[in-house]
Amino acid sequence: MPTATITSKGQITIPIEVRKSLKLKAGDKINFFETEDGKYTFEPKTGSIMDMKGILQKMGYAPLGYAPSIEEMDEAVLDYAAELDTATMSDEGRAARQRKSA
């Protein structure tokens, strides 16, 4: 198994066999992903949107083979927007919203 040593500057040299296998060259960027169990995986960063296929499964956020419907995606976006709105709202704004919905 290839290994690398972290320098005092927090850098590593990716072993040659890994670089060759991933077709990495100087200047390439790498994305790191934390998995559900707290470990990390990485892959080369590319410019194609098609490379995002399966990213939720790789990161442990969705079961393999799962494809959300448009409605599920819309609902998730709206839920997250509501969370952000609530998180950035003042205490008076939250109180007003609660009175309005009651």
# chains A, B, ... in the order shown; residues from 1 in each chain; ligands from 1
$ residues_around --residues "A:Leu24" --least-positions-apart "6" --cutoff "12 Å" --atoms "only C-alpha atoms" --output "JSON, numbers by chain"
{"A": [13, 14, 15, 16, 17, 18, 30, 43, 44, 45, 46]}
$ write_last_selection --atoms "C-alpha atoms" --output "CSV table (one decimal), in the first residue's frame"
chain,number,residue,atom,x,y,z
A,13,THR,CA,4.0,14.0,-2.0
A,14,ILE,CA,1.5,11.6,-3.7
A,15,PRO,CA,3.3,8.3,-4.5
A,16,ILE,CA,4.2,7.8,-8.1
A,17,GLU,CA,2.0,4.7,-8.5
A,18,VAL,CA,-1.0,6.7,-7.3
A,30,ILE,CA,-7.6,17.2,-5.7
A,43,GLU,CA,-10.1,12.2,-6.3
A,44,PRO,CA,-8.8,14.5,-9.0
A,45,LYS,CA,-10.8,17.7,-9.5
A,46,THR,CA,-11.9,18.1,-13.1
$ closest_residue --among "A:Lys29, A:Glu34, A:Leu22, A:Ala4" --to "A:Tyr61" --atoms "only C-alpha atoms"
A:Glu34
$ atom_distance --atom1 "atom CA of A:Ser21" --atom2 "atom CA of A:Tyr66"
28.3 Å
$ select_by_dssp --residues "stretch 11-74 of chain A" --states "strand (DSSP E or B)" --output "PDB file with C-alpha atoms, in the first residue's frame"
ATOM      1  CA  ILE A  30      -7.584  17.227  -5.739  1.00  0.00           C
ATOM      2  CA  ASN A  31     -10.923  17.149  -3.935  1.00  0.00           C
ATOM      3  CA  PHE A  32     -11.116  15.548  -0.469  1.00  0.00           C
ATOM      4  CA  PHE A  33     -14.369  14.021   0.779  1.00  0.00           C
ATOM      5  CA  GLU A  34     -15.216  12.998   4.330  1.00  0.00           C
ATOM      6  CA  TYR A  40     -11.381  10.731   3.929  1.00  0.00           C
ATOM      7  CA  THR A  41     -11.163   9.838   0.289  1.00  0.00           C
ATOM      8  CA  PHE A  42      -9.888  11.956  -2.560  1.00  0.00           C
ATOM      9  CA  GLU A  43     -10.122  12.199  -6.307  1.00  0.00           C
ATOM     10  CA  PRO A  44      -8.781  14.525  -8.976  1.00  0.00           C
TER      11      PRO A  44
END
$ residues_around --residues "A:Ala62" --least-positions-apart "6" --cutoff "12 Å" --atoms "only C-alpha atoms" --output "PyMOL selection string"
chain A and resi 35-36+54-56+68
$ select_by_dssp --residues "chain A" --states "alpha helix (DSSP H)" --output "number ranges by chain"
A: 16-22, 55-58, 70-88, 91-101
$ write_last_selection --atoms "N, CA and C atoms" --output "tab-separated table (two decimals), in the first residue's frame"
chain	number	residue	atom	x	y	z
A	16	ILE	N	4.19	7.91	-6.68
A	16	ILE	CA	4.18	7.84	-8.14
A	16	ILE	C	3.14	6.87	-8.67
A	17	GLU	N	2.98	5.70	-8.01
A	17	GLU	CA	2.00	4.74	-8.51
A	17	GLU	C	0.58	5.26	-8.42
A	18	VAL	N	0.29	6.08	-7.40
A	18	VAL	CA	-1.03	6.69	-7.25
A	18	VAL	C	-1.21	7.77	-8.31
A	19	ARG	N	-0.18	8.61	-8.49
A	19	ARG	CA	-0.25	9.66	-9.51
A	19	ARG	C	-0.49	9.07	-10.90
A	20	LYS	N	0.22	8.00	-11.22
A	20	LYS	CA	0.05	7.37	-12.53
A	20	LYS	C	-1.35	6.79	-12.68
A	21	SER	N	-1.81	6.10	-11.66
A	21	SER	CA	-3.13	5.47	-11.70
A	21	SER	C	-4.24	6.51	-11.90
A	22	LEU	N	-4.10	7.66	-11.23
A	22	LEU	CA	-5.11	8.72	-11.33
A	22	LEU	C	-4.82	9.72	-12.45
A	55	ILE	N	-21.72	11.61	-6.62
A	55	ILE	CA	-21.00	12.27	-5.52
A	55	ILE	C	-21.70	12.06	-4.17
A	56	LEU	N	-23.03	12.04	-4.17
A	56	LEU	CA	-23.75	11.84	-2.91
A	56	LEU	C	-23.52	10.44	-2.35
A	57	GLN	N	-23.42	9.46	-3.24
A	57	GLN	CA	-23.13	8.11	-2.78
A	57	GLN	C	-21.69	8.03	-2.27
A	58	LYS	N	-20.75	8.65	-2.97
A	58	LYS	CA	-19.35	8.62	-2.55
A	58	LYS	C	-19.16	9.24	-1.17
A	70	ILE	N	-37.31	15.26	-9.25
A	70	ILE	CA	-37.27	16.74	-9.30
A	70	ILE	C	-38.00	17.32	-8.10
A	71	GLU	N	-39.13	16.72	-7.75
A	71	GLU	CA	-39.92	17.21	-6.62
A	71	GLU	C	-39.13	17.09	-5.31
A	72	GLU	N	-38.41	15.97	-5.13
A	72	GLU	CA	-37.59	15.80	-3.92
A	72	GLU	C	-36.46	16.83	-3.87
A	73	MET	N	-35.85	17.09	-5.03
A	73	MET	CA	-34.79	18.10	-5.07
A	73	MET	C	-35.34	19.48	-4.76
A	74	ASP	N	-36.50	19.82	-5.35
A	74	ASP	CA	-37.13	21.12	-5.08
A	74	ASP	C	-37.44	21.27	-3.60
A	75	GLU	N	-38.00	20.22	-3.01
A	75	GLU	CA	-38.33	20.27	-1.59
A	75	GLU	C	-37.08	20.45	-0.72
A	76	ALA	N	-36.00	19.75	-1.06
A	76	ALA	CA	-34.76	19.86	-0.31
A	76	ALA	C	-34.19	21.28	-0.40
A	77	VAL	N	-34.25	21.87	-1.59
A	77	VAL	CA	-33.75	23.25	-1.77
A	77	VAL	C	-34.60	24.22	-0.94
A	78	LEU	N	-35.92	24.06	-0.99
A	78	LEU	CA	-36.80	24.95	-0.22
A	78	LEU	C	-36.58	24.79	1.29
A	79	ASP	N	-36.41	23.55	1.75
A	79	ASP	CA	-36.16	23.30	3.17
A	79	ASP	C	-34.85	23.98	3.61
A	80	TYR	N	-33.82	23.85	2.79
A	80	TYR	CA	-32.54	24.44	3.15
A	80	TYR	C	-32.62	25.97	3.13
A	81	ALA	N	-33.32	26.52	2.15
A	81	ALA	CA	-33.50	27.98	2.08
A	81	ALA	C	-34.24	28.47	3.33
A	82	ALA	N	-35.23	27.72	3.78
A	82	ALA	CA	-35.96	28.10	4.99
A	82	ALA	C	-35.06	28.05	6.22
A	83	GLU	N	-34.20	27.02	6.29
A	83	GLU	CA	-33.24	26.92	7.40
A	83	GLU	C	-32.30	28.13	7.42
A	84	LEU	N	-31.79	28.48	6.25
A	84	LEU	CA	-30.89	29.63	6.16
A	84	LEU	C	-31.61	30.92	6.54
A	85	ASP	N	-32.85	31.05	6.09
A	85	ASP	CA	-33.63	32.24	6.40
A	85	ASP	C	-33.84	32.36	7.91
A	86	THR	N	-34.20	31.26	8.54
A	86	THR	CA	-34.41	31.25	9.99
A	86	THR	C	-33.11	31.54	10.73
A	87	ALA	N	-32.02	30.96	10.26
A	87	ALA	CA	-30.73	31.14	10.93
A	87	ALA	C	-30.24	32.58	10.87
A	88	THR	N	-30.60	33.29	9.84
A	88	THR	CA	-30.13	34.67	9.68
A	88	THR	C	-31.14	35.70	10.16
A	91	ASP	N	-34.22	37.91	16.33
A	91	ASP	CA	-35.18	37.35	17.27
A	91	ASP	C	-36.57	37.93	17.04
A	92	GLU	N	-36.64	39.24	16.73
A	92	GLU	CA	-37.94	39.87	16.46
A	92	GLU	C	-38.59	39.28	15.22
A	93	GLY	N	-37.78	39.00	14.22
A	93	GLY	CA	-38.31	38.41	12.99
A	93	GLY	C	-38.85	37.02	13.21
A	94	ARG	N	-38.14	36.22	14.05
A	94	ARG	CA	-38.62	34.87	14.37
A	94	ARG	C	-39.95	34.94	15.13
A	95	ALA	N	-40.02	35.86	16.09
A	95	ALA	CA	-41.24	36.00	16.88
A	95	ALA	C	-42.41	36.41	15.98
A	96	ALA	N	-42.16	37.33	15.05
A	96	ALA	CA	-43.21	37.78	14.13
A	96	ALA	C	-43.65	36.61	13.24
A	97	ARG	N	-42.73	35.83	12.77
A	97	ARG	CA	-43.08	34.68	11.92
A	97	ARG	C	-43.92	33.68	12.71
A	98	GLN	N	-43.57	33.44	13.98
A	98	GLN	CA	-44.32	32.49	14.78
A	98	GLN	C	-45.73	33.00	15.04
A	99	ARG	N	-45.86	34.31	15.30
A	99	ARG	CA	-47.21	34.88	15.51
A	99	ARG	C	-48.05	34.77	14.24
A	100	LYS	N	-47.43	35.01	13.11
A	100	LYS	CA	-48.13	34.98	11.82
A	100	LYS	C	-48.61	33.57	11.48
A	101	SER	N	-47.80	32.56	11.80
A	101	SER	CA	-48.18	31.18	11.46
A	101	SER	C	-49.13	30.56	12.48
$ atom_distance --atom1 "atom CA of A:Lys23" --atom2 "atom CA of A:Ile49"
18.8 Å
$ decode --residues "chain A" --atoms "C-alpha atoms" --output "mmCIF file, in the first residue's frame"
data_model
loop_
_atom_site.group_PDB
_atom_site.id
_atom_site.type_symbol
_atom_site.label_atom_id
_atom_site.label_comp_id
_atom_site.auth_asym_id
_atom_site.auth_seq_id
_atom_site.Cartn_x
_atom_site.Cartn_y
_atom_site.Cartn_z
ATOM 1 C CA MET A 1 0.000 0.000 0.000
ATOM 2 C CA PRO A 2 1.446 3.400 -0.984
ATOM 3 C CA THR A 3 2.151 5.813 1.870
ATOM 4 C CA ALA A 4 3.144 9.463 2.159
ATOM 5 C CA THR A 5 4.702 11.589 4.900
ATOM 6 C CA ILE A 6 3.334 14.972 5.947
ATOM 7 C CA THR A 7 5.925 17.759 5.964
ATOM 8 C CA SER A 8 6.140 20.498 8.592
ATOM 9 C CA LYS A 9 4.158 22.677 6.146
ATOM 10 C CA GLY A 10 1.326 20.126 6.005
ATOM 11 C CA GLN A 11 2.222 18.949 2.499
ATOM 12 C CA ILE A 12 2.533 15.449 1.107
ATOM 13 C CA THR A 13 3.978 13.969 -2.048
ATOM 14 C CA ILE A 14 1.506 11.582 -3.652
ATOM 15 C CA PRO A 15 3.344 8.346 -4.464
ATOM 16 C CA ILE A 16 4.179 7.843 -8.139
ATOM 17 C CA GLU A 17 2.002 4.737 -8.514
ATOM 18 C CA VAL A 18 -1.031 6.686 -7.253
ATOM 19 C CA ARG A 19 -0.253 9.661 -9.515
ATOM 20 C CA LYS A 20 0.053 7.371 -12.530
ATOM 21 C CA SER A 21 -3.127 5.474 -11.703
ATOM 22 C CA LEU A 22 -5.110 8.724 -11.328
ATOM 23 C CA LYS A 23 -3.299 10.379 -14.265
ATOM 24 C CA LEU A 24 -2.250 13.279 -12.024
ATOM 25 C CA LYS A 25 0.286 15.839 -13.120
ATOM 26 C CA ALA A 26 1.874 18.918 -11.528
ATOM 27 C CA GLY A 27 -0.691 21.648 -10.922
ATOM 28 C CA ASP A 28 -3.724 19.322 -10.821
ATOM 29 C CA LYS A 29 -6.189 19.938 -8.015
ATOM 30 C CA ILE A 30 -7.584 17.227 -5.739
ATOM 31 C CA ASN A 31 -10.923 17.149 -3.935
ATOM 32 C CA PHE A 32 -11.116 15.548 -0.469
ATOM 33 C CA PHE A 33 -14.369 14.021 0.779
ATOM 34 C CA GLU A 34 -15.216 12.998 4.330
ATOM 35 C CA THR A 35 -17.127 9.725 4.471
ATOM 36 C CA GLU A 36 -19.835 8.847 6.969
ATOM 37 C CA ASP A 37 -17.383 6.974 9.174
ATOM 38 C CA GLY A 38 -15.065 10.016 9.469
ATOM 39 C CA LYS A 39 -12.460 8.788 7.003
ATOM 40 C CA TYR A 40 -11.381 10.731 3.929
ATOM 41 C CA THR A 41 -11.163 9.838 0.289
ATOM 42 C CA PHE A 42 -9.888 11.956 -2.560
ATOM 43 C CA GLU A 43 -10.122 12.199 -6.307
ATOM 44 C CA PRO A 44 -8.781 14.525 -8.976
ATOM 45 C CA LYS A 45 -10.796 17.687 -9.515
ATOM 46 C CA THR A 46 -11.903 18.071 -13.100
ATOM 47 C CA GLY A 47 -13.954 20.678 -14.888
ATOM 48 C CA SER A 48 -16.793 18.441 -16.077
ATOM 49 C CA ILE A 49 -20.206 18.498 -14.386
ATOM 50 C CA MET A 50 -20.522 14.841 -15.335
ATOM 51 C CA ASP A 51 -17.875 14.086 -12.728
ATOM 52 C CA MET A 52 -20.436 14.984 -10.068
ATOM 53 C CA LYS A 53 -22.416 11.848 -10.929
ATOM 54 C CA GLY A 54 -22.549 9.662 -7.839
ATOM 55 C CA ILE A 55 -21.002 12.272 -5.525
ATOM 56 C CA LEU A 56 -23.748 11.845 -2.905
ATOM 57 C CA GLN A 57 -23.127 8.109 -2.782
ATOM 58 C CA LYS A 58 -19.347 8.615 -2.551
ATOM 59 C CA MET A 59 -19.840 10.959 0.370
ATOM 60 C CA GLY A 60 -22.302 8.608 2.102
ATOM 61 C CA TYR A 61 -25.334 10.909 1.764
ATOM 62 C CA ALA A 62 -27.434 8.640 -0.452
ATOM 63 C CA PRO A 63 -27.679 4.893 -0.990
ATOM 64 C CA LEU A 64 -26.146 3.447 -4.156
ATOM 65 C CA GLY A 65 -28.500 3.592 -7.118
ATOM 66 C CA TYR A 66 -30.725 6.276 -5.559
ATOM 67 C CA ALA A 67 -31.838 9.069 -7.882
ATOM 68 C CA PRO A 68 -34.041 11.779 -6.299
ATOM 69 C CA SER A 69 -37.022 13.085 -8.246
ATOM 70 C CA ILE A 70 -37.269 16.735 -9.300
ATOM 71 C CA GLU A 71 -39.921 17.205 -6.616
ATOM 72 C CA GLU A 72 -37.594 15.800 -3.922
ATOM 73 C CA MET A 73 -34.787 18.095 -5.075
ATOM 74 C CA ASP A 74 -37.130 21.118 -5.082
ATOM 75 C CA GLU A 75 -38.331 20.269 -1.587
ATOM 76 C CA ALA A 76 -34.756 19.863 -0.308
ATOM 77 C CA VAL A 77 -33.754 23.247 -1.767
ATOM 78 C CA LEU A 78 -36.796 24.950 -0.217
ATOM 79 C CA ASP A 79 -36.157 23.302 3.173
ATOM 80 C CA TYR A 80 -32.535 24.439 3.149
ATOM 81 C CA ALA A 81 -33.498 27.977 2.084
ATOM 82 C CA ALA A 82 -35.964 28.100 4.991
ATOM 83 C CA GLU A 83 -33.241 26.925 7.399
ATOM 84 C CA LEU A 84 -30.888 29.633 6.165
ATOM 85 C CA ASP A 85 -33.631 32.239 6.400
ATOM 86 C CA THR A 86 -34.413 31.254 9.985
ATOM 87 C CA ALA A 87 -30.730 31.136 10.930
ATOM 88 C CA THR A 88 -30.129 34.669 9.684
ATOM 89 C CA MET A 89 -33.363 36.149 11.035
ATOM 90 C CA SER A 90 -33.356 38.396 14.097
ATOM 91 C CA ASP A 91 -35.182 37.347 17.274
ATOM 92 C CA GLU A 92 -37.940 39.867 16.463
ATOM 93 C CA GLY A 93 -38.305 38.408 12.990
ATOM 94 C CA ARG A 94 -38.621 34.872 14.368
ATOM 95 C CA ALA A 95 -41.241 36.004 16.882
ATOM 96 C CA ALA A 96 -43.206 37.779 14.128
ATOM 97 C CA ARG A 97 -43.082 34.685 11.921
ATOM 98 C CA GLN A 98 -44.323 32.486 14.785
ATOM 99 C CA ARG A 99 -47.207 34.885 15.513
ATOM 100 C CA LYS A 100 -48.131 34.979 11.818
ATOM 101 C CA SER A 101 -48.176 31.184 11.455
ATOM 102 C CA ALA A 102 -50.156 30.629 14.684
#
